[in-house]
Structure formats: C-alpha cells, structure tokens
file query-v3.cif (mmCIF, C-alpha atoms)
data_model
#
loop_
_atom_site.group_PDB
_atom_site.id
_atom_site.type_symbol
_atom_site.label_atom_id
_atom_site.label_comp_id
_atom_site.auth_asym_id
_atom_site.auth_seq_id
_atom_site.Cartn_x
_atom_site.Cartn_y
_atom_site.Cartn_z
ATOM 1 C CA MET A 1 -49.107 53.824 -194.733
ATOM 2 C CA GLY A 2 -49.196 51.607 -197.849
ATOM 3 C CA LEU A 3 -48.891 48.478 -195.693
ATOM 4 C CA VAL A 4 -51.845 49.531 -193.552
ATOM 5 C CA LYS A 5 -53.986 50.119 -196.639
ATOM 6 C CA HIS A 6 -53.018 46.700 -198.014
ATOM 7 C CA LYS A 7 -53.965 44.936 -194.765
ATOM 8 C CA TRP A 8 -57.243 46.849 -194.637
ATOM 9 C CA TYR A 9 -58.025 45.819 -198.232
ATOM 10 C CA ARG A 10 -57.328 42.163 -197.429
ATOM 11 C CA PHE A 11 -59.562 42.392 -194.351
ATOM 12 C CA ILE A 12 -62.465 43.820 -196.372
ATOM 13 C CA LEU A 13 -61.986 41.194 -199.093
ATOM 14 C CA CYS A 14 -61.954 38.319 -196.584
ATOM 15 C CA THR A 15 -65.003 39.705 -194.805
ATOM 16 C CA THR A 16 -66.899 39.978 -198.097
ATOM 17 C CA VAL A 17 -66.040 36.398 -199.063
ATOM 18 C CA ILE A 18 -67.094 35.058 -195.657
ATOM 19 C CA ALA A 19 -70.338 37.018 -195.807
ATOM 20 C CA SER A 20 -71.048 35.551 -199.246
ATOM 21 C CA PHE A 21 -70.539 32.010 -197.907
ATOM 22 C CA VAL A 22 -72.859 32.725 -194.980
ATOM 23 C CA VAL A 23 -75.600 34.010 -197.284
ATOM 24 C CA CYS A 24 -75.271 30.931 -199.517
ATOM 25 C CA TYR A 25 -75.409 28.629 -196.491
ATOM 26 C CA LEU A 26 -78.529 30.296 -195.135
ATOM 27 C CA LYS A 27 -80.263 29.992 -198.499
ATOM 28 C CA LEU A 28 -79.373 26.300 -198.774
ATOM 29 C CA HIS A 29 -80.435 25.697 -195.181
ATOM 30 C CA SER A 30 -83.752 27.404 -195.870
ATOM 31 C CA LEU A 31 -84.322 25.241 -198.932
ATOM 32 C CA SER A 32 -83.451 22.044 -197.082
ATOM 33 C CA ASN A 33 -86.052 22.877 -194.445
ATOM 34 C CA SER A 34 -88.728 23.873 -196.940
ATOM 35 C CA LYS A 35 -92.100 22.342 -196.248
ATOM 36 C CA GLY A 36 -92.774 21.762 -199.924
ATOM 37 C CA PRO A 37 -95.637 23.020 -202.042
ATOM 38 C CA MET A 38 -98.316 25.076 -200.328
ATOM 39 C CA SER A 39 -100.836 22.331 -201.065
ATOM 40 C CA GLU A 40 -98.987 20.174 -198.504
ATOM 41 C CA HIS A 41 -99.171 22.499 -195.489
ATOM 42 C CA THR A 42 -102.098 20.670 -193.893
ATOM 43 C CA LEU A 43 -100.236 17.373 -194.197
ATOM 44 C CA GLU A 44 -97.096 18.898 -192.709
ATOM 45 C CA TYR A 45 -99.020 20.012 -189.641
ATOM 46 C CA PHE A 46 -100.497 16.585 -188.864
ATOM 47 C CA LEU A 47 -97.271 14.815 -189.758
ATOM 48 C CA ASN A 48 -95.386 16.970 -187.252
ATOM 49 C CA LYS A 49 -98.104 16.317 -184.653
ATOM 50 C CA GLY A 50 -97.691 12.576 -185.205
ATOM 51 C CA THR A 51 -101.366 11.977 -185.993
ATOM 52 C CA ILE A 52 -100.397 10.694 -189.456
ATOM 53 C CA GLN A 53 -97.253 8.728 -190.206
ATOM 54 C CA ARG A 54 -96.647 9.603 -193.849
ATOM 55 C CA LYS A 55 -97.279 12.465 -196.221
ATOM 56 C CA ASP A 56 -100.418 10.958 -197.728
ATOM 57 C CA ALA A 57 -103.613 13.030 -197.881
ATOM 58 C CA ALA A 58 -105.679 9.834 -197.870
ATOM 59 C CA ASP A 59 -104.675 9.330 -194.213
ATOM 60 C CA ILE A 60 -106.546 12.448 -193.069
ATOM 61 C CA GLU A 61 -109.846 11.579 -191.353
ATOM 62 C CA TRP A 62 -112.894 13.849 -191.438
ATOM 63 C CA ASN A 63 -115.712 14.447 -189.001
ATOM 64 C CA HIS A 64 -118.847 15.779 -190.698
ATOM 65 C CA ALA A 65 -121.619 18.179 -189.816
ATOM 66 C CA ALA A 66 -120.461 19.072 -186.304
ATOM 67 C CA ASN A 67 -123.403 21.467 -186.186
ATOM 68 C CA SER A 68 -124.537 21.000 -182.585
ATOM 69 C CA LYS A 69 -122.977 20.989 -179.135
ATOM 70 C CA SER A 70 -123.168 17.207 -178.897
ATOM 71 C CA LYS A 71 -121.762 16.663 -182.412
ATOM 72 C CA LEU A 72 -118.893 19.039 -181.711
ATOM 73 C CA THR A 73 -118.052 17.285 -178.436
ATOM 74 C CA GLU A 74 -118.053 13.974 -180.281
ATOM 75 C CA ALA A 75 -115.770 15.384 -182.954
ATOM 76 C CA LEU A 76 -113.307 16.851 -180.474
ATOM 77 C CA GLN A 77 -113.062 13.534 -178.651
ATOM 78 C CA GLY A 78 -112.841 11.437 -181.816
ATOM 79 C CA SER A 79 -109.895 10.379 -183.961
ATOM 80 C CA ALA A 80 -110.614 12.592 -186.991
ATOM 81 C CA GLN A 81 -107.997 15.247 -187.616
ATOM 82 C CA MET A 82 -110.369 17.629 -189.429
ATOM 83 C CA ILE A 83 -113.774 18.838 -188.170
ATOM 84 C CA GLU A 84 -116.254 20.083 -190.771
ATOM 85 C CA ALA A 85 -119.289 22.208 -189.942
ATOM 86 C CA ASP A 86 -121.778 24.348 -191.851
ATOM 87 C CA VAL A 87 -122.236 28.074 -191.262
ATOM 88 C CA LEU A 88 -125.237 30.279 -191.975
ATOM 89 C CA LEU A 89 -127.042 33.184 -190.378
ATOM 90 C CA ARG A 90 -129.714 32.400 -187.798
ATOM 91 C CA GLY A 91 -133.177 32.841 -189.292
ATOM 92 C CA GLN A 92 -134.426 34.906 -186.362
ATOM 93 C CA ASP A 93 -132.982 37.536 -184.043
ATOM 94 C CA PRO A 94 -130.260 37.722 -183.060
ATOM 95 C CA LYS A 95 -129.110 37.010 -186.636
ATOM 96 C CA VAL A 96 -125.632 35.772 -185.865
ATOM 97 C CA PRO A 97 -123.595 33.032 -187.565
ATOM 98 C CA ILE A 98 -124.683 29.601 -186.370
ATOM 99 C CA MET A 99 -123.721 26.025 -187.150
ATOM 100 C CA ALA A 100 -126.517 24.564 -189.280
ATOM 101 C CA HIS A 101 -127.198 23.068 -192.688
ATOM 102 C CA PRO A 102 -130.205 24.150 -194.763
ATOM 103 C CA PRO A 103 -133.132 23.688 -194.456
ATOM 104 C CA ASP A 104 -132.328 24.191 -190.735
ATOM 105 C CA ASN A 105 -132.094 27.866 -189.804
ATOM 106 C CA ASP A 106 -131.419 27.542 -186.081
ATOM 107 C CA SER A 107 -129.001 25.653 -183.864
ATOM 108 C CA ASP A 108 -128.000 25.161 -180.253
ATOM 109 C CA ILE A 109 -124.531 26.545 -180.959
ATOM 110 C CA THR A 110 -123.306 29.752 -182.566
ATOM 111 C CA LEU A 111 -120.072 30.004 -184.508
ATOM 112 C CA GLN A 112 -118.610 32.109 -181.713
ATOM 113 C CA ASP A 113 -119.259 29.403 -179.115
ATOM 114 C CA TRP A 114 -118.154 26.695 -181.553
ATOM 115 C CA LEU A 115 -114.802 28.395 -182.023
ATOM 116 C CA LYS A 116 -114.363 28.797 -178.264
ATOM 117 C CA GLU A 117 -114.408 25.009 -177.947
ATOM 118 C CA VAL A 118 -112.250 24.325 -181.002
ATOM 119 C CA VAL A 119 -109.366 26.503 -179.789
ATOM 120 C CA LYS A 120 -108.925 24.088 -176.887
ATOM 121 C CA SER A 121 -107.919 21.335 -179.326
ATOM 122 C CA ASP A 122 -105.200 20.820 -181.927
ATOM 123 C CA LYS A 123 -107.596 19.653 -184.652
ATOM 124 C CA GLY A 124 -108.117 21.371 -187.969
ATOM 125 C CA ILE A 125 -111.436 22.894 -188.990
ATOM 126 C CA LYS A 126 -113.369 23.312 -192.222
ATOM 127 C CA LEU A 127 -116.069 25.972 -192.246
ATOM 128 C CA ASP A 128 -118.576 25.313 -195.017
ATOM 129 C CA PHE A 129 -120.472 28.498 -195.845
ATOM 130 C CA LYS A 130 -124.071 28.036 -196.958
ATOM 131 C CA SER A 131 -124.928 31.730 -196.800
ATOM 132 C CA LEU A 132 -123.080 34.675 -198.293
ATOM 133 C CA ALA A 133 -124.522 36.933 -195.607
ATOM 134 C CA ALA A 134 -122.784 34.817 -192.953
ATOM 135 C CA VAL A 135 -119.314 35.190 -194.427
ATOM 136 C CA SER A 136 -118.304 38.688 -193.280
ATOM 137 C CA PRO A 137 -119.417 38.364 -189.615
ATOM 138 C CA SER A 138 -117.946 34.858 -189.489
ATOM 139 C CA MET A 139 -114.561 36.037 -190.724
ATOM 140 C CA THR A 140 -114.591 38.712 -188.013
ATOM 141 C CA LEU A 141 -115.226 36.052 -185.360
ATOM 142 C CA LEU A 142 -112.503 33.872 -186.853
ATOM 143 C CA GLU A 143 -110.007 36.724 -186.706
ATOM 144 C CA GLU A 144 -110.711 37.179 -182.984
ATOM 145 C CA VAL A 145 -109.483 33.644 -182.192
ATOM 146 C CA ARG A 146 -107.009 33.083 -185.014
ATOM 147 C CA ASP A 147 -103.964 33.361 -182.749
ATOM 148 C CA GLN A 148 -105.434 30.657 -180.515
ATOM 149 C CA LEU A 149 -106.221 28.175 -183.283
ATOM 150 C CA GLN A 150 -103.600 25.458 -183.531
ATOM 151 C CA GLY A 151 -104.711 23.394 -186.508
ATOM 152 C CA PRO A 152 -105.291 24.190 -190.194
ATOM 153 C CA VAL A 153 -108.295 26.313 -191.169
ATOM 154 C CA TRP A 154 -110.188 25.527 -194.370
ATOM 155 C CA ILE A 155 -112.785 27.943 -195.753
ATOM 156 C CA ASN A 156 -115.286 26.219 -198.028
ATOM 157 C CA ALA A 157 -118.045 27.337 -200.393
ATOM 158 C CA ASP A 158 -119.565 26.268 -203.691
ATOM 159 C CA ILE A 159 -118.903 29.274 -205.913
ATOM 160 C CA LEU A 160 -119.686 27.957 -209.413
ATOM 161 C CA PRO A 161 -122.449 25.852 -210.978
ATOM 162 C CA GLY A 162 -121.333 22.309 -211.710
ATOM 163 C CA PRO A 163 -122.676 19.062 -213.187
ATOM 164 C CA ARG A 164 -126.447 18.836 -212.630
ATOM 165 C CA GLY A 165 -126.140 21.515 -209.938
ATOM 166 C CA THR A 166 -129.465 23.060 -208.967
ATOM 167 C CA ALA A 167 -128.477 25.018 -205.851
ATOM 168 C CA THR A 168 -127.433 28.642 -206.268
ATOM 169 C CA PRO A 169 -123.666 29.017 -205.741
ATOM 170 C CA LEU A 170 -122.298 31.825 -203.621
ATOM 171 C CA ASP A 171 -121.184 34.795 -205.693
ATOM 172 C CA PRO A 172 -117.501 33.966 -206.306
ATOM 173 C CA HIS A 173 -116.233 37.537 -206.483
ATOM 174 C CA VAL A 174 -118.011 38.687 -203.337
ATOM 175 C CA PHE A 175 -116.995 35.534 -201.437
ATOM 176 C CA LEU A 176 -113.338 35.761 -202.420
ATOM 177 C CA GLN A 177 -113.257 39.473 -201.648
ATOM 178 C CA GLU A 178 -114.527 38.710 -198.133
ATOM 179 C CA VAL A 179 -112.142 35.839 -197.372
ATOM 180 C CA ALA A 180 -108.983 36.175 -199.471
ATOM 181 C CA GLN A 181 -107.365 39.048 -197.550
ATOM 182 C CA LYS A 182 -108.429 37.668 -194.159
ATOM 183 C CA SER A 183 -107.318 34.078 -194.821
ATOM 184 C CA GLU A 184 -103.713 34.451 -195.885
ATOM 185 C CA ASN A 185 -102.640 31.222 -194.172
ATOM 186 C CA ASP A 186 -105.864 29.261 -194.646
ATOM 187 C CA VAL A 187 -106.822 26.727 -197.286
ATOM 188 C CA LEU A 188 -109.580 27.925 -199.591
ATOM 189 C CA SER A 189 -111.891 25.035 -200.498
ATOM 190 C CA LEU A 190 -113.704 26.200 -203.630
ATOM 191 C CA GLY A 191 -116.235 23.990 -205.341
ATOM 192 C CA TRP A 192 -119.083 23.614 -207.771
ATOM 193 C CA THR A 193 -122.744 22.922 -207.036
ATOM 194 C CA THR A 194 -123.549 19.390 -208.215
ATOM 195 C CA GLY A 195 -126.393 16.932 -208.428
ATOM 196 C CA TRP A 196 -126.797 13.184 -208.768
ATOM 197 C CA ASP A 197 -129.636 11.063 -210.120
ATOM 198 C CA VAL A 198 -129.373 7.285 -210.072
ATOM 199 C CA ASP A 199 -131.887 7.026 -212.910
ATOM 200 C CA ALA A 200 -130.261 9.557 -215.228
ATOM 201 C CA ASP A 201 -127.031 10.303 -217.003
ATOM 202 C CA ASN A 202 -124.634 12.132 -214.689
ATOM 203 C CA PRO A 203 -122.072 14.094 -216.697
ATOM 204 C CA GLY A 204 -118.645 14.922 -215.322
ATOM 205 C CA TYR A 205 -117.007 18.298 -214.846
ATOM 206 C CA SER A 206 -116.667 20.070 -218.192
ATOM 207 C CA TRP A 207 -113.660 21.924 -219.563
ATOM 208 C CA GLU A 208 -115.591 25.157 -219.225
ATOM 209 C CA MET A 209 -116.138 24.474 -215.508
ATOM 210 C CA VAL A 210 -112.462 23.858 -214.688
ATOM 211 C CA HIS A 211 -111.268 26.746 -216.869
ATOM 212 C CA GLN A 212 -113.678 29.112 -215.152
ATOM 213 C CA MET A 213 -112.535 27.926 -211.718
ATOM 214 C CA GLU A 214 -108.858 28.241 -212.558
ATOM 215 C CA GLU A 215 -109.377 31.762 -213.803
ATOM 216 C CA LEU A 216 -110.885 32.686 -210.421
ATOM 217 C CA CYS A 217 -108.076 31.021 -208.456
ATOM 218 C CA ARG A 218 -105.095 32.043 -210.560
ATOM 219 C CA SER A 219 -104.336 35.255 -208.661
ATOM 220 C CA LEU A 220 -104.966 33.855 -205.175
ATOM 221 C CA LYS A 221 -102.005 33.364 -202.842
ATOM 222 C CA GLN A 222 -103.487 30.656 -200.624
ATOM 223 C CA PRO A 223 -103.500 26.899 -201.120
ATOM 224 C CA VAL A 224 -106.723 25.950 -202.917
ATOM 225 C CA THR A 225 -108.448 22.582 -202.742
ATOM 226 C CA PHE A 226 -111.287 21.725 -205.092
ATOM 227 C CA PRO A 227 -114.040 19.579 -203.524
ATOM 228 C CA VAL A 228 -115.128 17.163 -206.266
ATOM 229 C CA ARG A 229 -117.934 14.607 -206.270
ATOM 230 C CA ALA A 230 -116.480 11.095 -206.401
ATOM 231 C CA ALA A 231 -119.174 9.574 -208.618
ATOM 232 C CA LEU A 232 -118.480 12.210 -211.295
ATOM 233 C CA LEU A 233 -114.701 11.747 -211.394
ATOM 234 C CA PRO A 234 -114.408 8.872 -213.912
ATOM 235 C CA ALA A 235 -115.657 11.185 -216.665
ATOM 236 C CA SER A 236 -113.474 14.107 -215.555
ATOM 237 C CA PHE A 237 -109.895 12.817 -215.419
ATOM 238 C CA PRO A 238 -108.405 14.982 -218.232
ATOM 239 C CA GLN A 239 -110.014 18.098 -216.778
ATOM 240 C CA PHE A 240 -108.586 17.645 -213.285
ATOM 241 C CA GLN A 241 -105.250 16.465 -214.586
ATOM 242 C CA TRP A 242 -105.010 19.793 -216.403
ATOM 243 C CA LEU A 243 -106.280 21.779 -213.407
ATOM 244 C CA LEU A 244 -103.707 20.428 -210.945
ATOM 245 C CA LYS A 245 -100.911 21.127 -213.399
ATOM 246 C CA GLN A 246 -101.712 24.845 -213.304
ATOM 247 C CA SER A 247 -100.320 25.406 -209.798
ATOM 248 C CA ASP A 248 -98.685 23.484 -206.967
ATOM 249 C CA ARG A 249 -101.103 25.364 -204.674
ATOM 250 C CA TYR A 250 -103.965 23.210 -205.980
ATOM 251 C CA SER A 251 -105.311 19.929 -204.616
ATOM 252 C CA LEU A 252 -108.535 17.883 -204.777
ATOM 253 C CA THR A 253 -110.859 16.819 -201.968
ATOM 254 C CA VAL A 254 -112.928 13.850 -203.139
ATOM 255 C CA TRP A 255 -116.329 13.609 -201.439
ATOM 256 C CA THR A 256 -119.463 11.547 -201.931
ATOM 257 C CA GLY A 257 -123.197 11.909 -201.397
ATOM 258 C CA LYS A 258 -124.919 9.313 -199.222
ATOM 259 C CA HIS A 259 -127.031 8.012 -202.099
ATOM 260 C CA ASP A 260 -124.464 8.263 -204.892
ATOM 261 C CA VAL A 261 -123.586 5.099 -206.757
ATOM 262 C CA LEU A 262 -119.814 4.980 -206.473
ATOM 263 C CA THR A 263 -117.458 2.382 -207.908
ATOM 264 C CA VAL A 264 -114.501 2.766 -205.568
ATOM 265 C CA GLU A 265 -112.127 1.142 -208.065
ATOM 266 C CA ASP A 266 -112.617 4.161 -210.340
ATOM 267 C CA LEU A 267 -110.742 6.320 -207.826
ATOM 268 C CA LEU A 268 -107.523 4.350 -208.365
ATOM 269 C CA LEU A 269 -106.904 6.224 -211.616
ATOM 270 C CA TYR A 270 -106.541 9.420 -209.591
ATOM 271 C CA ARG A 271 -104.477 7.905 -206.790
ATOM 272 C CA GLN A 272 -102.055 6.289 -209.231
ATOM 273 C CA ASN A 273 -101.596 9.324 -211.459
ATOM 274 C CA PHE A 274 -101.460 12.211 -208.999
ATOM 275 C CA SER A 275 -99.192 12.924 -206.050
ATOM 276 C CA LYS A 276 -100.603 11.350 -202.885
ATOM 277 C CA THR A 277 -100.085 14.705 -201.180
ATOM 278 C CA ARG A 278 -102.644 16.389 -203.434
ATOM 279 C CA ILE A 279 -105.812 14.307 -203.122
ATOM 280 C CA TYR A 280 -107.874 14.146 -199.910
ATOM 281 C CA TYR A 281 -110.605 11.523 -199.645
ATOM 282 C CA ASP A 282 -113.668 12.589 -197.705
ATOM 283 C CA LEU A 283 -115.666 9.375 -198.205
ATOM 284 C CA LEU A 284 -117.936 7.125 -196.166
ATOM 285 C CA GLU A 285 -116.095 4.904 -193.696
ATOM 286 C CA SER A 286 -117.082 1.761 -195.598
ATOM 287 C CA GLN A 287 -115.805 3.249 -198.857
ATOM 288 C CA ILE A 288 -112.496 4.273 -197.301
ATOM 289 C CA LYS A 289 -111.995 0.748 -195.966
ATOM 290 C CA GLN A 290 -112.769 -0.750 -199.364
ATOM 291 C CA PHE A 291 -110.516 1.760 -201.105
ATOM 292 C CA ASN A 292 -107.593 1.032 -198.772
ATOM 293 C CA GLY A 293 -107.863 -2.682 -199.544
ATOM 294 C CA LEU A 294 -107.745 -2.403 -203.327
ATOM 295 C CA PRO A 295 -104.754 -3.795 -205.199
ATOM 296 C CA GLY A 296 -102.800 -0.824 -206.436
ATOM 297 C CA TYR A 297 -103.881 1.494 -203.614
ATOM 298 C CA THR A 298 -100.362 1.792 -202.221
#
call {"tool": "encode", "arguments": {"input": "query-v3.cif", "output": "structure tokens"}}
result
Amino acid sequence: MGLVKHKWYRFILCTTVIASFVVCYLKLHSLSNSKGPMSEHTLEYFLNKGTIQRKDAADIEWNHAANSKSKLTEALQGSAQMIEADVLLRGQDPKVPIMAHPPDNDSDITLQDWLKEVVKSDKGIKLDFKSLAAVSPSMTLLEEVRDQLQGPVWINADILPGPRGTATPLDPHVFLQEVAQKSENDVLSLGWTTGWDVDADNPGYSWEMVHQMEELCRSLKQPVTFPVRAALLPASFPQFQWLLKQSDRYSLTVWTGKHDVLTVEDLLLYRQNFSKTRIYYDLLESQIKQFNGLPGYT
C-alpha cells in the first residue's frame, strides 16, 4: 500500500511540474506575439494587410471629407488607408446623422448608407463629430455594423478649447459618456478647437491645455490620439513630450489647415524625438512629399 501511495505522489508531483512549464510557455508565447502598445493597433492592422511595409505612422494615407456619395466612392477606390468624414444631424426632417461639414446641414448620403458602403472594404474610418446631438444615434448605427467592419474605427471630436479656438467644443463629459463604453476597440481622437491668423501671433498649446486633456483621458481604456495643428507644434514640444509620456495608449495626429503657414522642417523635431509609431501625419500631399525628402526624415 505504501508503494502505491509513493507512486501516486510522484505522479502528482510530475503532473504539477509539467503543468507549471506549460503555463510558463503559454505566457511567454503570448508575450512574443504581443502586438505592442495599444497606440500601435492601427499600424498593426495595415501592416498585416500589406498596405504599409513598416511600422511607421507616417506611411498611413488619409482621404478627407468623404461627405458625399461621389467622394466616398473616390475614397474607397483610392490608395488611402483611412477615410475621414464629418457627421452631424440633418437640419430638416428626418433629422438623422448625415455626412456633412458645417455650414452645410444636408447631404446626399446618410451615415447609415455611408457605413453600408464602407463595410464592403477593408479600409479604416474616422468619424469626425461636429454635433453632440449626432453622437448617440450615430453610435447606435455604428454598433449595427461593427461586426462587419474590417478596418480600424476612429471616433473624433474637439472637446476642449485650444490656441485661438473660437468654435464651441463638444462637451467632453457628455461625448465621452456616449462613446467610451460603445467604442472599446476603437481609437478615440480627442482634440482642441484652434485658430490660425497669418497676420497675428499664434501661440502653441499651453500646459493647462495638455494637463486638462490628460486628466480627461487618464481613465479611458482605449487608444487615444490627439489631433494637433502642425503650425502650432514648434511652440508646443515640451507639452506634447510630457503628454505622450503619460501613457503608451497616446499618440499624435498632426494636421494642417489649408491656409496655415507651415515650415515643414519644424516637424523633424517631433519625428526625431518620438517613436515613429506614435505620430500620424495628416498633411497636404505637397507637404508630405516635402517632409519625406528632408534630411533626417528617416
């Protein structure tokens, strides 16, 4: 009887040791296949699709203002990986979410029909909300097709006042309450209202602005990208250096206004001092070409 007990003890001991090795292996295997920081998930998708060849956010192309049937068709057939469009409520009945940018208040395509076309592609989308009233019904429509969407989904809104900003930002608490629980796997693109005047001093983003934004984003679970105006970046380097250090969920999306005076060389400071996976460049085609050709870009 003692011999049987001894063999049974050895069996249990061996089984426990083997199980421990298996658990360790699975953990290591999981780590080796990790897709990196959450801020890189969009890059991982397009890298796996083969539409970009390296993990560099500067290689992502953007199609803007796909706010009509013809513009959407053009975007779906084009080379851009990400399609951006503006969402607001139609100004007349039926008051449903449509694709339009103020001052327009009507469109030839609703968000519902827009999404029906997008699900046929493998491109990513960025929905830029110009109306708080449009957010809740739009999120409902998005949920209805979420399982069919292949590419990344970015949800964008200006939620805080920024440098020379005159537009009224969307209420940050109401906006985040509407989207945060319904966008667990989306990228939240959260920005500041800004302005630009060629004949005046254009201050950068203040410490108060980035601290206020970080306080809003600290408890979020999603990746967050901060759309920042390119012409205002030279005066804001310490602020954004601090902001990106607060979480590996954070990234920047650098954009420009059509009439902004932008010295493209000024953007090199950001490219050379931040991970290339954490700064997207949503610039004019001519500016992108110039930027790519600068010494020190690579």
call {"tool": "residues_around", "arguments": {"input": "query-v3.cif", "residues": "Met99 (chain A)", "least_positions_apart": "3", "cutoff": "9 Å", "atoms": "all atoms listed in the file", "output": "ChimeraX atom specification"}}
result
/A:65-68,85-90,105-111,114
call {"tool": "resolve_selection", "arguments": {"input": "query-v3.cif", "expression": "the PyMOL selection byres ((chain A and resi 81) around 10)", "output": "list in words"}}
result
Phe46, Thr51, Ile52, Asp59, Ile60, Glu61, Trp62, Asn63, Ala75, Leu76, Gly78, Ser79, Ala80, Met82, Ile83, Asp122, Lys123, Gly124, Ile125, Gly151 and Pro152 of chain A
call {"tool": "atom_distance", "arguments": {"input": "query-v3.cif", "atom1": "CA of Leu252 (chain A)", "atom2": "CA of Trp154 (chain A)"}}
result
13.0 Å
call {"tool": "residues_around", "arguments": {"input": "query-v3.cif", "residues": "region 274-278 of chain A", "least_positions_apart": "4", "cutoff": "12 Å", "atoms": "only C-alpha atoms", "output": "ChimeraX atom specification"}}
result
/A:36-44,47,54-60,223-227,237-238,240-245,247-254,267-270,297-298
call {"tool": "resolve_selection", "arguments": {"input": "query-v3.cif", "expression": "the PyMOL selection byres ((chain A and resi 178-186) around 6)", "output": "PyMOL selection string"}}
result
chain A and resi 153-154+175-177+187
call {"tool": "residues_around", "arguments": {"input": "query-v3.cif", "residues": "Leu262 (chain A)", "least_positions_apart": "4", "cutoff": "12 Å", "atoms": "only C-alpha atoms", "output": "list of chain:residue names"}}
result
A:Trp196, A:Val198, A:Asn202, A:Arg229, A:Ala230, A:Ala231, A:Leu232, A:Leu233, A:Pro234, A:Val254, A:Trp255, A:Thr256, A:Gly257, A:Lys258, A:Asp266, A:Leu267, A:Leu283, A:Leu284, A:Ser286, A:Gln287, A:Ile288, A:Gln290, A:Phe291
call {"tool": "residues_around", "arguments": {"input": "query-v3.cif", "residues": "region 159-169 of chain A", "least_positions_apart": "2", "cutoff": "8 Å", "atoms": "all atoms listed in the file", "output": "list in words"}}
result
Ala157, Asp171, Pro172, Phe175, Leu190, Gly191, Trp192, Thr193, Thr194, Gly195, Trp196, Asn202, Pro203, Gly204, Tyr205, Ser206, Met209 and Met213 of chain A
call {"tool": "atom_distance", "arguments": {"input": "query-v3.cif", "atom1": "CA of Asn156 (chain A)", "atom2": "CA of Gln92 (chain A)"}}
result
24.0 Å
call {"tool": "atom_distance", "arguments": {"input": "query-v3.cif", "atom1": "CA of Ala134 (chain A)", "atom2": "CA of Asp93 (chain A)"}}
result
13.8 Å
call {"tool": "residues_near_point", "arguments": {"input": "query-v3.cif", "point": "(-124.4, 31.4, -200.0)", "cutoff": "7 Å", "atoms": "only C-alpha atoms", "output": "PyMOL selection string"}}
result
chain A and resi 129-132+169-170
call {"tool": "axis_aligned_box", "arguments": {"input": "query-v3.cif", "around": "region 227-241 of chain A", "padding_each_side": "8 Å", "output": "lines of an AutoDock Vina configuration file"}}
result
center_x = -112.2
center_y = 14.2
center_z = -210.9
size_x = 29.9
size_y = 26.7
size_z = 30.7
call {"tool": "residues_around", "arguments": {"input": "query-v3.cif", "residues": "region 145-147 of chain A", "least_positions_apart": "6", "cutoff": "9 Å", "atoms": "all atoms listed in the file", "output": "ChimeraX atom specification"}}
result
/A:115-116,119
call {"tool": "closest_residue", "arguments": {"input": "query-v3.cif", "among": "A:Cys217, A:Ala133, A:Val264, A:Ala235", "to": "Val174 (chain A)", "atoms": "all atoms listed in the file"}}
result
A:Ala133
call {"tool": "build_atoms", "arguments": {"input": "query-v3.cif", "residues": "region 65-70 of chain A", "atoms": "all heavy atoms", "output": "mmCIF file, keeping the file's coordinate frame"}}
result
data_model
loop_
_atom_site.group_PDB
_atom_site.id
_atom_site.type_symbol
_atom_site.label_atom_id
_atom_site.label_comp_id
_atom_site.auth_asym_id
_atom_site.auth_seq_id
_atom_site.Cartn_x
_atom_site.Cartn_y
_atom_site.Cartn_z
ATOM 1 N N ALA A 65 -120.412 17.534 -190.334
ATOM 2 C CA ALA A 65 -121.619 18.179 -189.816
ATOM 3 C C ALA A 65 -121.620 18.301 -188.296
ATOM 4 O O ALA A 65 -122.584 17.939 -187.627
ATOM 5 C CB ALA A 65 -122.861 17.426 -190.281
ATOM 6 N N ALA A 66 -120.530 18.837 -187.755
ATOM 7 C CA ALA A 66 -120.461 19.072 -186.304
ATOM 8 C C ALA A 66 -121.235 20.349 -185.995
ATOM 9 O O ALA A 66 -120.686 21.358 -185.546
ATOM 10 C CB ALA A 66 -119.009 19.189 -185.855
ATOM 11 N N ASN A 67 -122.555 20.277 -186.225
ATOM 12 C CA ASN A 67 -123.403 21.467 -186.186
ATOM 13 C C ASN A 67 -124.214 21.622 -184.910
ATOM 14 O O ASN A 67 -125.159 22.409 -184.871
ATOM 15 C CB ASN A 67 -124.365 21.447 -187.384
ATOM 16 C CG ASN A 67 -123.629 21.559 -188.713
ATOM 17 O OD1 ASN A 67 -122.527 22.090 -188.788
ATOM 18 N ND2 ASN A 67 -124.233 21.031 -189.769
ATOM 19 N N SER A 68 -123.856 20.883 -183.876
ATOM 20 C CA SER A 68 -124.537 21.000 -182.585
ATOM 21 C C SER A 68 -123.504 20.825 -181.480
ATOM 22 O O SER A 68 -122.369 20.396 -181.727
ATOM 23 C CB SER A 68 -125.634 19.936 -182.449
ATOM 24 O OG SER A 68 -125.056 18.638 -182.403
ATOM 25 N N LYS A 69 -123.909 21.144 -180.261
ATOM 26 C CA LYS A 69 -122.977 20.989 -179.135
ATOM 27 C C LYS A 69 -122.542 19.539 -178.975
ATOM 28 O O LYS A 69 -121.362 19.253 -178.763
ATOM 29 C CB LYS A 69 -123.640 21.493 -177.851
ATOM 30 C CG LYS A 69 -123.867 23.000 -177.809
ATOM 31 C CD LYS A 69 -124.564 23.415 -176.514
ATOM 32 C CE LYS A 69 -124.793 24.926 -176.473
ATOM 33 N NZ LYS A 69 -125.496 25.356 -175.232
ATOM 34 N N SER A 70 -123.496 18.620 -179.090
ATOM 35 C CA SER A 70 -123.168 17.207 -178.897
ATOM 36 C C SER A 70 -122.275 16.693 -180.029
ATOM 37 O O SER A 70 -121.331 15.934 -179.788
ATOM 38 C CB SER A 70 -124.446 16.371 -178.811
ATOM 39 O OG SER A 70 -125.215 16.482 -180.002
#
